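Colleague: Following this message is one structure expressed as structure tokens.
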Amino acid sequence: MIRQSTARWSLFLFVLPALALYGLFGIAPLLTSMVMSLFDTSRTADVFIGLANYVYLFTQPVVSARFWNALGNNALYFTIHVCVEVPIGLLLAAFLTSGTLRRSEGIYRTLLFIPTTLSVVIVGFIWRLIINPLWGVVGFPLLGTAATALPTISLMGVWEYFGIPMIFLYSALIAIPDDLVEAARIDGATPWRIFWGVKFPLIVPQFGLIVILTFIWTFNGFDLVYALNGSAPGPNYSTDILGTFFYRTFFGSSGQVADLDLGATVATVIFFIMLLVTAAYFWLVQRRLRAHVA
Amino acid sequence: MHSKGTGLAALTLGIALAASAAPALADDVTLTLASWRTEDLAVWQDKILPAFEAANPGIKVEFAPVNTNDYNAAIQSQIEGGSGPDLITCRPFDVNNEWIGRGYFMKLDGTPGLENFDDTAKAAWSTGGSTYCMPVAAVLAGFYYNIDIFKELGLSVPTTADEFIATLKKIKDSGKYAPLALGSAESWQLAYNGLYSIGPAYWHGEDGRLGLIDGTKKLTDPDFVAAIQAYDDWKPYLPSGYQSLGYADMTQLFTLGKAAILPDGSWNINQVTSTGLNVGVFGPPVPKAGDQRYLQEMPDMGIGINAKSAHADAAKKFLTWVASKDFQQIYVNTAPGFFAMSNQPVSYDNALAQAFSDLKKDAKLTPRLALDRLSAGTPPLDDETWRMLQVMYNTDNTTPQQVAEELQKGLSSWYKPQMAK
């Protein structure tokens with residue numbers, strides 16, 4: 001009895017530091033901003049106004065149009081990342097684990113991961129110069145037209161971050177027991193068949209996880225767009241995503257006065273969008289996946 | 001024991017010294033001056049304040065700058081908390097109107113020195129017929145041009161819109177240089193250095209601006225549409241791929257000698273001459289020969305007195321000095337690109353700054369169109385102007401008329417004097 005309760009206490013003690021930090025810097029600000037979204041704090045005394053900020057966000061014609069525009073752009077931003085970045089990561093991970101590279105595997109792995117370690121500001125600056133119509137290699141103003149600007153920025157993001165799904169899937173692939181692959185080979189399966197019939201099913205849980213992580217990263221995205229196009233990302237808000245929309249609302253931009261309460265409202269809405277999608281994914285998909293038991 | 005005794009003696013001596021010095025210090029008033037110009041710290045400490053203190057014995061001023069992005073929040077929290085500096089550097093227009101409304105400032109009416117400024121200069125810091133801040137400096141907008149390229153192609157400085165377009169065409173036809181160093185990736189400068197610079201000649205400066213504010217004029221009026229049209233007329237003369245060229249690209253294009261004309265603000269004086277080019281400046285062209293010239297003079301900062309300051313008289317003395325030629329002569333020459341707003345002649349050591357200042361002669365001055373009251377709601381007219389000018393430049397099918405209609409629609413959705421009656 002005594003021993004068990006001591007164990008429980010020490011368990012709590014071990015968790016406490018992390019819990020305290022997480023509570024202080026994770027949960028507390030989240031709750032504060034949720035509370036803040038229900039108040040009008042711009043006057044001398046804070047006034048409780050219920051859901052008025054939410055009503056304003058979704059009914060004020062200009063503000064709601066910008067919000068839906070940012071949400072739509074964010075969906076496209078995510079889609080491009082998932083459809084390009086994750087397959088590239090998978091391809092390179094498969095390539096690295098295929099055994100054809102032999103001893104140079106480590107070199108390739110490092111080289112391919114380097115972009116991920118670069119600062120966003122540097123990546124934005126370099127790409128901006130590369131595609132600059134005056135000094136760069138592309139004559140077409142890729143960032144200057146509404147149709148091409150967001151895909152261009154998304155692909156810069158892909159270039160920077162494909163190393164993450166690559167390393168993620170790579171570590172899943174090398175964990176696959178050799179005997180499974182061996183057995184398939186003896187049965188006469190082609191490498192193509194081995195990959196899709198044996199290896200891929202075994203890494204589906206990690207594959208799903210990287211998709212949902214990409215969702216979280218892109219819907220939390222801000223830095224690359226801000227580095228390239230500032231806080232009112234043009235042309236005509238065609239590269240505005242939820243992160244920049246929030247930033248503009250909360251911190252203000254040159255022509256826009258900062259509105260802390262509305263900013264908190266936007267942050268809360270973004271949080272619930274991500275919570276719903278992530279929860280749905282874990283509920284519907286991840287829960288049903290089973291790890292391979294040798 | 002021994003050391004303790006010496007310590008006590010020293011302390012007594014110290015008190016005695018302090019007491020003897022006290023009568024002289026008692027008359028001294030120390031004022032604090034808050035500012036967002038951290039980069040000006042040395043200028044104020046070494047040049048400006050010693051000059052003031054020499055002329056006004058008994059008043060000391062301490063320059064206390066805060067980072068520009070934190071400035072508004074810092075001032076607000078200090079004053080709301082009951083403290084705050086004696087002297088507050090004032091932002092132009094809407095932020096300051098908000099502060100005036102909250103009772104931060106003392107009225108300056110009747111303060112000697114205020115008569116050196118005309119109404120346009122005081123507009124950014126006035127409301128209800130009273131002025132609350134002494135104007136300090138403004139920035140101007142105009143057109144830098146490469147004198148050597150103009151000579152080589154035998155061009156003269158254009159004064160009318162038609163001449164301007166003809167000049168652009170000649171430069172384009174020469175095939176050697178880009179006529180205009182202008183890109184539309186950064187939309188702010190389309191408004192600030194473009195439309196708000198050439199537009200006043202069409203909407204008649206303050207007439208048009210104040211007309212929008214009191215609701216007697218609309219952005220869809222022919223004058224405003226003509227101004228937007230004049231800006232749209234530049235489109236064929238922009239460098240290729242201009243849709244994604246930023247402000248730094250424009251400056252580079254010009255300073256590398258690859259473009260003849262750069263529409264820009266006075267704050268960029270040091271950059272445009274950094275490569276040793278032979279640079280001149282001309283003002284916005286007028287619609288027809290003989291028309292009144294206009295120039296954009298954007299108030300950048302003023303200084304006001306904290307309503308709760310215990311040293312109001314000393315602070316007023318300081319502001320009177322700030323309004324004098326002595327101060328302005330020092331300030332504008334340590335910060336090229338900033339211009340005195342008073343009606344007293346000030347000379348500039350920087351030749352290009354002097355040329356810029358000379359553009360003010362015979363020109364009617366007006367600040368940027370949309371920053372006074374018209375941007376204090378959603379959507380802010382200023383942001384909308386940036387956006388729509390960029391749309392006009394970056395798409396093929398947006399007409400000046402459509403731009404004007406969209407701007408008017410946004411403004412009349414919230415700004416009471418413009419709402420449909």
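Every chain in the structure tokens has a letter given in the order shown (A, B, ...), and although residue numbers restart at 1 in each chain, ligands are simply numbered from 1 in the order shown.
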Give me, as an NGL selection string, the residues of chain B touching chain A, with the criterion being at most 6 Å (counting only C-alpha atoms).
Modeller: :B and (241 or 243-244 or 383 or 387)
Colleague: Taking the DSSP assignment computed from this structure's backbone, write out as a JSON list (two decimals) with N, CA and C atoms, in the first residue's frame all residues of region 190-353 of chain B that belong to alpha helix (DSSP H).
Modeller:
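Final output, states.json:
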```json
[["chain", "number", "residue", "atom", "x", "y", "z"],
["B", 196, "TYR", "N", -1.13, 59.56, -53.84],
["B", 196, "TYR", "CA", -1.22, 60.70, -52.92],
["B", 196, "TYR", "C", -0.25, 61.81, -53.29],
["B", 197, "SER", "N", 0.68, 61.52, -54.19],
["B", 197, "SER", "CA", 1.64, 62.53, -54.62],
["B", 197, "SER", "C", 1.13, 63.28, -55.85],
["B", 198, "ILE", "N", 0.63, 62.55, -56.85],
["B", 198, "ILE", "CA", 0.15, 63.23, -58.06],
["B", 198, "ILE", "C", -1.32, 63.62, -57.96],
["B", 200, "PRO", "N", -3.29, 65.15, -55.56],
["B", 200, "PRO", "CA", -3.75, 66.45, -55.08],
["B", 200, "PRO", "C", -3.91, 67.49, -56.18],
["B", 201, "ALA", "N", -3.11, 67.39, -57.26],
["B", 201, "ALA", "CA", -3.26, 68.35, -58.36],
["B", 201, "ALA", "C", -4.62, 68.19, -59.03],
["B", 202, "TYR", "N", -5.22, 67.01, -58.92],
["B", 202, "TYR", "CA", -6.54, 66.77, -59.53],
["B", 202, "TYR", "C", -7.67, 67.06, -58.56],
["B", 203, "TRP", "N", -7.50, 66.62, -57.30],
["B", 203, "TRP", "CA", -8.59, 66.86, -56.35],
["B", 203, "TRP", "C", -8.36, 68.14, -55.54],
["B", 206, "GLU", "N", -6.18, 70.20, -50.30],
["B", 206, "GLU", "CA", -7.01, 70.22, -49.11],
["B", 206, "GLU", "C", -8.51, 70.28, -49.43],
["B", 207, "ASP", "N", -8.88, 70.93, -50.55],
["B", 207, "ASP", "CA", -10.30, 70.98, -50.92],
["B", 207, "ASP", "C", -10.86, 69.57, -51.03],
["B", 208, "GLY", "N", -10.14, 68.74, -51.75],
["B", 208, "GLY", "CA", -10.61, 67.37, -51.96],
["B", 208, "GLY", "C", -10.54, 66.55, -50.69],
["B", 209, "ARG", "N", -9.43, 66.68, -49.97],
["B", 209, "ARG", "CA", -9.23, 65.87, -48.77],
["B", 209, "ARG", "C", -10.27, 66.22, -47.70],
["B", 210, "LEU", "N", -10.43, 67.52, -47.44],
["B", 210, "LEU", "CA", -11.40, 67.91, -46.42],
["B", 210, "LEU", "C", -12.83, 67.67, -46.90],
["B", 211, "GLY", "N", -13.02, 67.75, -48.23],
["B", 211, "GLY", "CA", -14.34, 67.45, -48.79],
["B", 211, "GLY", "C", -14.75, 66.00, -48.52],
["B", 212, "LEU", "N", -13.78, 65.09, -48.61],
["B", 212, "LEU", "CA", -14.08, 63.69, -48.29],
["B", 212, "LEU", "C", -14.41, 63.56, -46.81],
["B", 213, "ILE", "N", -13.67, 64.30, -45.99],
["B", 213, "ILE", "CA", -13.85, 64.18, -44.54],
["B", 213, "ILE", "C", -15.22, 64.72, -44.12],
["B", 214, "ASP", "N", -15.63, 65.87, -44.72],
["B", 214, "ASP", "CA", -16.94, 66.39, -44.28],
["B", 214, "ASP", "C", -18.10, 65.84, -45.13],
["B", 222, "PRO", "N", -15.50, 63.16, -60.47],
["B", 222, "PRO", "CA", -14.58, 63.15, -61.61],
["B", 222, "PRO", "C", -13.13, 63.49, -61.24],
["B", 223, "ASP", "N", -12.93, 64.39, -60.27],
["B", 223, "ASP", "CA", -11.57, 64.77, -59.89],
["B", 223, "ASP", "C", -10.77, 63.59, -59.38],
["B", 224, "PHE", "N", -11.39, 62.80, -58.53],
["B", 224, "PHE", "CA", -10.68, 61.65, -57.96],
["B", 224, "PHE", "C", -10.44, 60.58, -59.01],
["B", 225, "VAL", "N", -11.46, 60.35, -59.86],
["B", 225, "VAL", "CA", -11.30, 59.34, -60.92],
["B", 225, "VAL", "C", -10.19, 59.78, -61.87],
["B", 226, "ALA", "N", -10.13, 61.09, -62.17],
["B", 226, "ALA", "CA", -9.09, 61.59, -63.06],
["B", 226, "ALA", "C", -7.71, 61.37, -62.45],
["B", 227, "ALA", "N", -7.60, 61.54, -61.13],
["B", 227, "ALA", "CA", -6.32, 61.31, -60.46],
["B", 227, "ALA", "C", -5.90, 59.86, -60.58],
["B", 228, "ILE", "N", -6.86, 58.94, -60.33],
["B", 228, "ILE", "CA", -6.54, 57.52, -60.43],
["B", 228, "ILE", "C", -6.18, 57.17, -61.88],
["B", 229, "GLN", "N", -6.91, 57.80, -62.82],
["B", 229, "GLN", "CA", -6.63, 57.58, -64.24],
["B", 229, "GLN", "C", -5.20, 58.02, -64.57],
["B", 230, "ALA", "N", -4.80, 59.19, -64.05],
["B", 230, "ALA", "CA", -3.45, 59.68, -64.32],
["B", 230, "ALA", "C", -2.40, 58.70, -63.80],
["B", 231, "TYR", "N", -2.71, 58.06, -62.68],
["B", 231, "TYR", "CA", -1.78, 57.08, -62.14],
["B", 231, "TYR", "C", -1.76, 55.81, -63.00],
["B", 232, "ASP", "N", -2.93, 55.44, -63.50],
["B", 232, "ASP", "CA", -3.03, 54.26, -64.36],
["B", 232, "ASP", "C", -2.27, 54.47, -65.67],
["B", 247, "TYR", "N", 9.97, 47.52, -52.97],
["B", 247, "TYR", "CA", 10.53, 48.86, -52.77],
["B", 247, "TYR", "C", 12.06, 48.84, -52.90],
["B", 248, "ALA", "N", 12.70, 47.79, -52.32],
["B", 248, "ALA", "CA", 14.16, 47.70, -52.40],
["B", 248, "ALA", "C", 14.60, 47.51, -53.86],
["B", 249, "ASP", "N", 13.83, 46.73, -54.62],
["B", 249, "ASP", "CA", 14.15, 46.53, -56.04],
["B", 249, "ASP", "C", 14.11, 47.85, -56.80],
["B", 250, "MET", "N", 13.07, 48.65, -56.49],
["B", 250, "MET", "CA", 12.92, 49.94, -57.17],
["B", 250, "MET", "C", 14.11, 50.84, -56.90],
["B", 251, "THR", "N", 14.46, 50.93, -55.61],
["B", 251, "THR", "CA", 15.58, 51.79, -55.23],
["B", 251, "THR", "C", 16.85, 51.33, -55.93],
["B", 252, "GLN", "N", 17.04, 50.00, -55.97],
["B", 252, "GLN", "CA", 18.24, 49.47, -56.62],
["B", 252, "GLN", "C", 18.27, 49.76, -58.10],
["B", 253, "LEU", "N", 17.12, 49.57, -58.75],
["B", 253, "LEU", "CA", 17.02, 49.80, -60.18],
["B", 253, "LEU", "C", 17.46, 51.23, -60.49],
["B", 254, "PHE", "N", 17.04, 52.14, -59.63],
["B", 254, "PHE", "CA", 17.38, 53.55, -59.84],
["B", 254, "PHE", "C", 18.84, 53.83, -59.49],
["B", 255, "THR", "N", 19.30, 53.33, -58.35],
["B", 255, "THR", "CA", 20.66, 53.67, -57.92],
["B", 255, "THR", "C", 21.72, 52.98, -58.78],
["B", 269, "ILE", "N", 16.39, 59.96, -49.35],
["B", 269, "ILE", "CA", 17.46, 60.80, -49.92],
["B", 269, "ILE", "C", 18.84, 60.15, -49.82],
["B", 270, "ASN", "N", 19.17, 59.65, -48.64],
["B", 270, "ASN", "CA", 20.51, 59.09, -48.47],
["B", 270, "ASN", "C", 20.73, 57.86, -49.34],
["B", 271, "GLN", "N", 19.67, 57.03, -49.49],
["B", 271, "GLN", "CA", 19.82, 55.82, -50.29],
["B", 271, "GLN", "C", 19.98, 56.13, -51.77],
["B", 272, "VAL", "N", 19.16, 57.03, -52.31],
["B", 272, "VAL", "CA", 19.21, 57.24, -53.76],
["B", 272, "VAL", "C", 20.52, 57.88, -54.20],
["B", 312, "ALA", "N", 4.34, 72.75, -16.60],
["B", 312, "ALA", "CA", 3.75, 73.19, -17.85],
["B", 312, "ALA", "C", 4.42, 74.43, -18.42],
["B", 313, "ASP", "N", 4.81, 75.37, -17.56],
["B", 313, "ASP", "CA", 5.41, 76.61, -18.06],
["B", 313, "ASP", "C", 6.75, 76.35, -18.73],
["B", 314, "ALA", "N", 7.57, 75.53, -18.06],
["B", 314, "ALA", "CA", 8.86, 75.18, -18.65],
["B", 314, "ALA", "C", 8.65, 74.42, -19.96],
["B", 315, "ALA", "N", 7.65, 73.54, -19.97],
["B", 315, "ALA", "CA", 7.38, 72.76, -21.17],
["B", 315, "ALA", "C", 6.96, 73.67, -22.32],
["B", 316, "LYS", "N", 6.17, 74.70, -22.01],
["B", 316, "LYS", "CA", 5.75, 75.63, -23.06],
["B", 316, "LYS", "C", 6.95, 76.39, -23.62],
["B", 317, "LYS", "N", 7.86, 76.77, -22.71],
["B", 317, "LYS", "CA", 9.09, 77.44, -23.17],
["B", 317, "LYS", "C", 9.83, 76.55, -24.16],
["B", 318, "PHE", "N", 9.89, 75.26, -23.82],
["B", 318, "PHE", "CA", 10.59, 74.33, -24.69],
["B", 318, "PHE", "C", 9.91, 74.28, -26.06],
["B", 319, "LEU", "N", 8.59, 74.20, -26.06],
["B", 319, "LEU", "CA", 7.88, 74.11, -27.34],
["B", 319, "LEU", "C", 8.05, 75.38, -28.17],
["B", 320, "THR", "N", 8.10, 76.53, -27.50],
["B", 320, "THR", "CA", 8.34, 77.78, -28.22],
["B", 320, "THR", "C", 9.69, 77.73, -28.92],
["B", 321, "TRP", "N", 10.65, 77.12, -28.21],
["B", 321, "TRP", "CA", 11.98, 76.99, -28.82],
["B", 321, "TRP", "C", 11.94, 76.01, -29.99],
["B", 322, "VAL", "N", 11.17, 74.91, -29.83],
["B", 322, "VAL", "CA", 11.04, 73.91, -30.90],
["B", 322, "VAL", "C", 10.43, 74.55, -32.15],
["B", 325, "LYS", "N", 13.39, 78.85, -35.54],
["B", 325, "LYS", "CA", 14.30, 78.49, -36.61],
["B", 325, "LYS", "C", 15.54, 77.79, -36.06],
["B", 326, "ASP", "N", 15.99, 78.21, -34.86],
["B", 326, "ASP", "CA", 17.19, 77.63, -34.26],
["B", 326, "ASP", "C", 17.10, 76.11, -34.18],
["B", 327, "PHE", "N", 15.96, 75.66, -33.63],
["B", 327, "PHE", "CA", 15.78, 74.21, -33.49],
["B", 327, "PHE", "C", 15.70, 73.54, -34.85],
["B", 328, "GLN", "N", 14.87, 74.10, -35.71],
["B", 328, "GLN", "CA", 14.62, 73.41, -36.98],
["B", 328, "GLN", "C", 15.86, 73.32, -37.84],
["B", 329, "GLN", "N", 16.66, 74.36, -37.79],
["B", 329, "GLN", "CA", 17.91, 74.37, -38.54],
["B", 329, "GLN", "C", 18.80, 73.18, -38.11],
["B", 330, "ILE", "N", 18.85, 72.94, -36.80],
["B", 330, "ILE", "CA", 19.67, 71.83, -36.31],
["B", 330, "ILE", "C", 19.03, 70.49, -36.68],
["B", 331, "TYR", "N", 17.72, 70.39, -36.43],
["B", 331, "TYR", "CA", 17.09, 69.06, -36.56],
["B", 331, "TYR", "C", 17.08, 68.56, -38.00],
["B", 332, "VAL", "N", 16.63, 69.40, -38.93],
["B", 332, "VAL", "CA", 16.48, 68.91, -40.30],
["B", 332, "VAL", "C", 17.83, 68.62, -40.94],
["B", 333, "ASN", "N", 18.89, 69.25, -40.43],
["B", 333, "ASN", "CA", 20.18, 68.98, -41.03],
["B", 333, "ASN", "C", 20.87, 67.77, -40.44],
["B", 334, "THR", "N", 20.38, 67.27, -39.31],
["B", 334, "THR", "CA", 20.95, 66.03, -38.79],
["B", 334, "THR", "C", 20.15, 64.84, -39.27],
["B", 351, "ALA", "N", 22.26, 69.05, -50.53],
["B", 351, "ALA", "CA", 21.79, 69.76, -51.73],
["B", 351, "ALA", "C", 20.45, 69.19, -52.21],
["B", 352, "LEU", "N", 20.32, 67.87, -52.18],
["B", 352, "LEU", "CA", 19.08, 67.27, -52.66],
["B", 352, "LEU", "C", 17.92, 67.61, -51.73],
["B", 353, "ALA", "N", 18.22, 67.66, -50.43],
["B", 353, "ALA", "CA", 17.18, 68.06, -49.47],
["B", 353, "ALA", "C", 16.76, 69.50, -49.73]]
```
Colleague: For Val285 (chain A), work out the shell of residues within 10 Å, counting only C-alpha atoms and skipping chain neighbours fewer than 5 positions away, then give it as a ChimeraX atom specification.
Modeller: /A:205,208-209,279-280
Colleague: How many Å separate CA of Ile273 (chain A) from CA of Thr79 (chain A)?
Modeller: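 Atom-to-atom, CA of Ile273 (chain A) to CA of Thr79 (chain A), that is 15.8 Å.
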Colleague: With a distance cut-off of 9 Å and only C-alpha atoms, select the neighbouring residues of Gly221 (chain A), excluding the residue or stretch itself and same-chain residues fewer than 4 positions from it, and output the selection as a list in words.
Modeller: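 So, after excluding close chain neighbours, the residues are Asn74, Ile216, Trp217, Val225, Ile241, Leu242, Gly243 and Thr244 of chain A.
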Colleague: Pick the closest to Met34 (chain A) from A:Asp178, A:Asp187, A:Asp223, A:Asp261: which is it, counting only C-alpha atoms?
Modeller: A:Asp261
